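Structure, as structure tokens:
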Amino acid sequence: MTTTSQAPTGTSSPSVSSKYVIAHFMVGNSYPYTVDNWLADIFLAHSSGIDGFALNVGVDSWQPSQVANAYQAALQSGTGFKLFMSFDMSSLPCTTASDAANLRTYITTYATHPNQLLYNGRVMASTFSGETCTFGQGSVASGWSTQFVQQLTGSSAVHFVPSFFVDPSQFNTYSGVIDGMFNWNSGWPIQVTASYVSSIPGLLGDIASGLSSTVSSALSNVIGSTTPDDTYISSLSAMGGGKTYMAAVSPWFFTHYGPSTYNKNWIYLSDDHLYATRWESLIAIRDQVDFVQIISWNDFGESHYIGPIEGAQPMSQAWVDGNDHTGWLNLTSYYASALIMWSRPHAASASASNDPVGKPTNYQITSDNVWAVVLATSPATVVLSTSSSQSQTFNVPAGVSKLAVPIQPGGTMSGTLTRGGQTVIDLQATDFTFEANPTTYNFNVLVVASP
């Protein structure tokens, strides 16, 4: 399987025309961080084409001090890296006026900081959830308006772009409250479940046995689709006033918590080069997108991190440790030949010998493949191998090529890129074997990339 797209013709600058690429940073996973840790992450993100972090803050009493470290590090970095608050309203209380005062303190503390992201001259602010918050008022809209937005004036006035999980037809309910909306769930085709797939005759069987043209055809209209974006953009446009649209892009999703912890055990379809395809889709509608937020930099519990595995994991070590994802950062390197590959550690249909949590919901919808993206400066030959006797050769043009090969239990992951008889890239995934009989279920992926 291979698909291609042309190389960009000029350097991409996400800050042009007030457009930004932001990564979602879970402050709740930064407990042991020092300023130096923040500096390292900021330098890495900045060098990968990311303009800033959306700082997801929750209820922990220590999180304000880590936010302070983040702003200090951003200033020390000298990069102009931007930060803004993303209030996690699934964690923070929001039933009283004093709860809103806590949120306002974050805004007023950093409103004039050199690294605070300002948009249209106002302090950028966002949320995860918050569509049930009243802050002691008679309605959600009144709560956010009177206790948050209206009380922040002058240099602390906010440009408020929350992620409220409401039907876009209800956006007008928040007229005068929001300046835009963040479409969190646009990062994945969340409508694709086992039930959805089973409604397409023969599709579940095709997926279980490997990628087929039937699968590709049936799912191509949802992988990276801009339909969720179109709905939000249309509803925001109907509100008038040039509302801000923030889209999401994410490389993966797998979470595996049992009932005794967070009780989250499912996957979202992330096959068919979701990350690269979603980026291409957003570039195609870039005139309508003001922000792209990458989900995430370090949300280990949901397996969509693109930053290093560090800090304090939320009891996710079982499926995160050893599965580096920083190779996905290379997808922002437009002008260097690069090969990025990823695969899950075991077959989708495998039965684990000792996993009390059980198989994740929707496990049937993912393919047993090695996925690869090639960034080629000129035409080249790529060979992807899963064993000494199983390989496929692809002639790729200049630009971005998305490749896939099936993998079977016992398989490995390696690839080469050659040009003019010379090996330019020889990439091997060390200590990786695709298992037939895992001890526990792990639908995370290992990502490897050429230097």
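Numbering starts fresh at 1 for the residues of each chain in the structure tokens, the chains themselves are lettered A, B, ... in the order given, and ligands are numbered from 1 as they appear.
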
Can you write out as CSV which residues of stretch 62-163 of chain A fall within 7 Å of stretch 173-190 of chain A, alongside each residue's closest atom pair and its distance in Å to one decimal, counting only C-alpha atoms and ordering rows by chain and ascending residue number?
```
residue,atom,partner,partner_atom,distance
A:Ala141,CA,A:Tyr174,CA,5.6
A:Trp144,CA,A:Val177,CA,6.8
A:Ser145,CA,A:Val177,CA,5.3
A:Val149,CA,A:Val177,CA,6.7
A:His159,CA,A:Asp179,CA,5.9
A:Phe160,CA,A:Asp179,CA,5.2
A:Val161,CA,A:Gly180,CA,4.6
A:Pro162,CA,A:Met181,CA,5.3
A:Ser163,CA,A:Phe182,CA,4.6
```

If you take only C-alpha atoms and a cut-off of 12 Å, which residues of stretch 261-331 of chain A touch stretch 419-431 of chain A, and what are their nearest atom pairs and distances in Å to one decimal, in chain and number order, as CSV?
```
residue,atom,partner,partner_atom,distance
A:Gly322,CA,A:Asp431,CA,9.5
A:Asn323,CA,A:Asp431,CA,10.8
A:Asp324,CA,A:Ala429,CA,10.9
A:Gly327,CA,A:Ala429,CA,11.6
```

Expected file contents, prior selection, C-alpha atoms, as a compact mmCIF listing (two decimals), in the first residue's frame:
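So the final result, stored in part.txt, reads:
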```
# COMPACT_ATOMS: atom_id res chain seq x y z
CA GLY A 322 9.48 1.24 25.86
CA ASN A 323 7.11 2.69 23.25
CA ASP A 324 8.85 5.87 22.17
CA GLY A 327 9.78 9.76 15.72
```

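Comparing the minimum interatomic distances between A:Pro259 and each of A:Gly52, A:Pro356, A:Asn298, A:Gln392, counting only C-alpha atoms, we find that A:Pro356 sits nearest.
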
Determine which residues of stretch 151-331 of chain A DSSP labels as strand (DSSP E or B) from the backbone of this structure, then write them out as JSON, numbers by chain. {"A": [158, 159, 160, 180, 181, 182, 183, 244, 245, 246, 247, 248, 249, 254, 255, 256, 265, 266, 267, 291, 292, 293, 294]}

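Among A:Ala54, A:Val192, A:Lys19, A:Ala73, the residue with the shortest atom-to-atom distance to A:Tyr119, counting only C-alpha atoms, is A:Lys19.
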
Distance query stretch 350-354 of chain A at most 6 Å, only C-alpha atoms, self and fewer than 4 positions along chain excluded, as a ChimeraX atom specification: /A:438-441

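Remark: for A:Leu375, the closest of the candidate residues A:Val320, A:Met315, A:Ala449, A:Ala40 is A:Ala449 (distances computed over only C-alpha atoms).
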
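Of note, atom CA of A:Val374 and atom CA of A:Ile306 are spaced 17.8 Å apart.
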
Given the choices A:Asp287, A:Asp60, A:Asp36, A:Asp99, which gets closest to A:Ser77 if the distance is worked out from only C-alpha atoms? A:Asp36

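Excluding A:Thr134 itself and any same-chain residue fewer than 5 positions from it, the protein and nucleic acid residues within 7 Å of it, counting only C-alpha atoms, are A:Cys94, A:Thr95, A:Ser139, A:Val140, A:Gly143, A:Trp144.
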
May I have the selected residues written with N, CA, C and O atoms, as a CSV table (one decimal), in the first residue's frame?
```
chain,number,residue,atom,x,y,z
A,94,CYS,N,-16.3,23.7,39.4
A,94,CYS,CA,-16.8,24.9,38.7
A,94,CYS,C,-18.3,25.1,39.1
A,94,CYS,O,-19.1,25.5,38.2
A,95,THR,N,-18.6,24.9,40.3
A,95,THR,CA,-19.9,25.1,40.8
A,95,THR,C,-20.1,26.4,41.6
A,95,THR,O,-21.3,26.8,41.8
A,139,SER,N,-27.1,29.6,34.6
A,139,SER,CA,-26.8,28.8,33.3
A,139,SER,C,-25.4,28.7,33.1
A,139,SER,O,-24.6,29.5,33.7
A,140,VAL,N,-25.0,27.8,32.2
A,140,VAL,CA,-23.6,27.7,31.8
A,140,VAL,C,-23.1,29.0,31.2
A,140,VAL,O,-22.0,29.5,31.5
A,143,GLY,N,-22.6,31.6,33.7
A,143,GLY,CA,-21.5,31.4,34.6
A,143,GLY,C,-20.2,31.8,34.0
A,143,GLY,O,-19.4,32.5,34.6
A,144,TRP,N,-19.9,31.3,32.7
A,144,TRP,CA,-18.7,31.6,32.1
A,144,TRP,C,-18.6,33.1,31.7
A,144,TRP,O,-17.5,33.7,31.8
```

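Counting only C-alpha atoms and comparing A:Thr377, A:Asn29, A:Ser343, A:Thr127, the residue that lies closest to A:Gly399 is A:Thr377.
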
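In this comparison, which uses only C-alpha atoms, the residue of A:Arg122, A:Lys82, A:Lys359, A:Arg344 approaching A:Leu55 most closely is A:Lys82.
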
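Our summary of the geometry notes that atom CA of A:Gln66 is positioned 28.2 Å from atom CA of A:Tyr245.
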
Could you go through stretch 50-212 of chain A and tell me which residues DSSP, when run on the backbone, assigns to alpha helix (DSSP H), listing them as an NGL selection string? :A and (63-77 or 97-110 or 140-144 or 194-198 or 203-208)

Neighbours of A:Leu39 within 8 Å (only C-alpha atoms; same-chain residues fewer than 4 positions away dropped), as a ChimeraX atom specification? /A:35,43,70,73-74,76-77

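For the atom pair formed by atom CA of A:Gly410 and atom CA of A:Asn265, the distance is 25.8 Å, given to one decimal.
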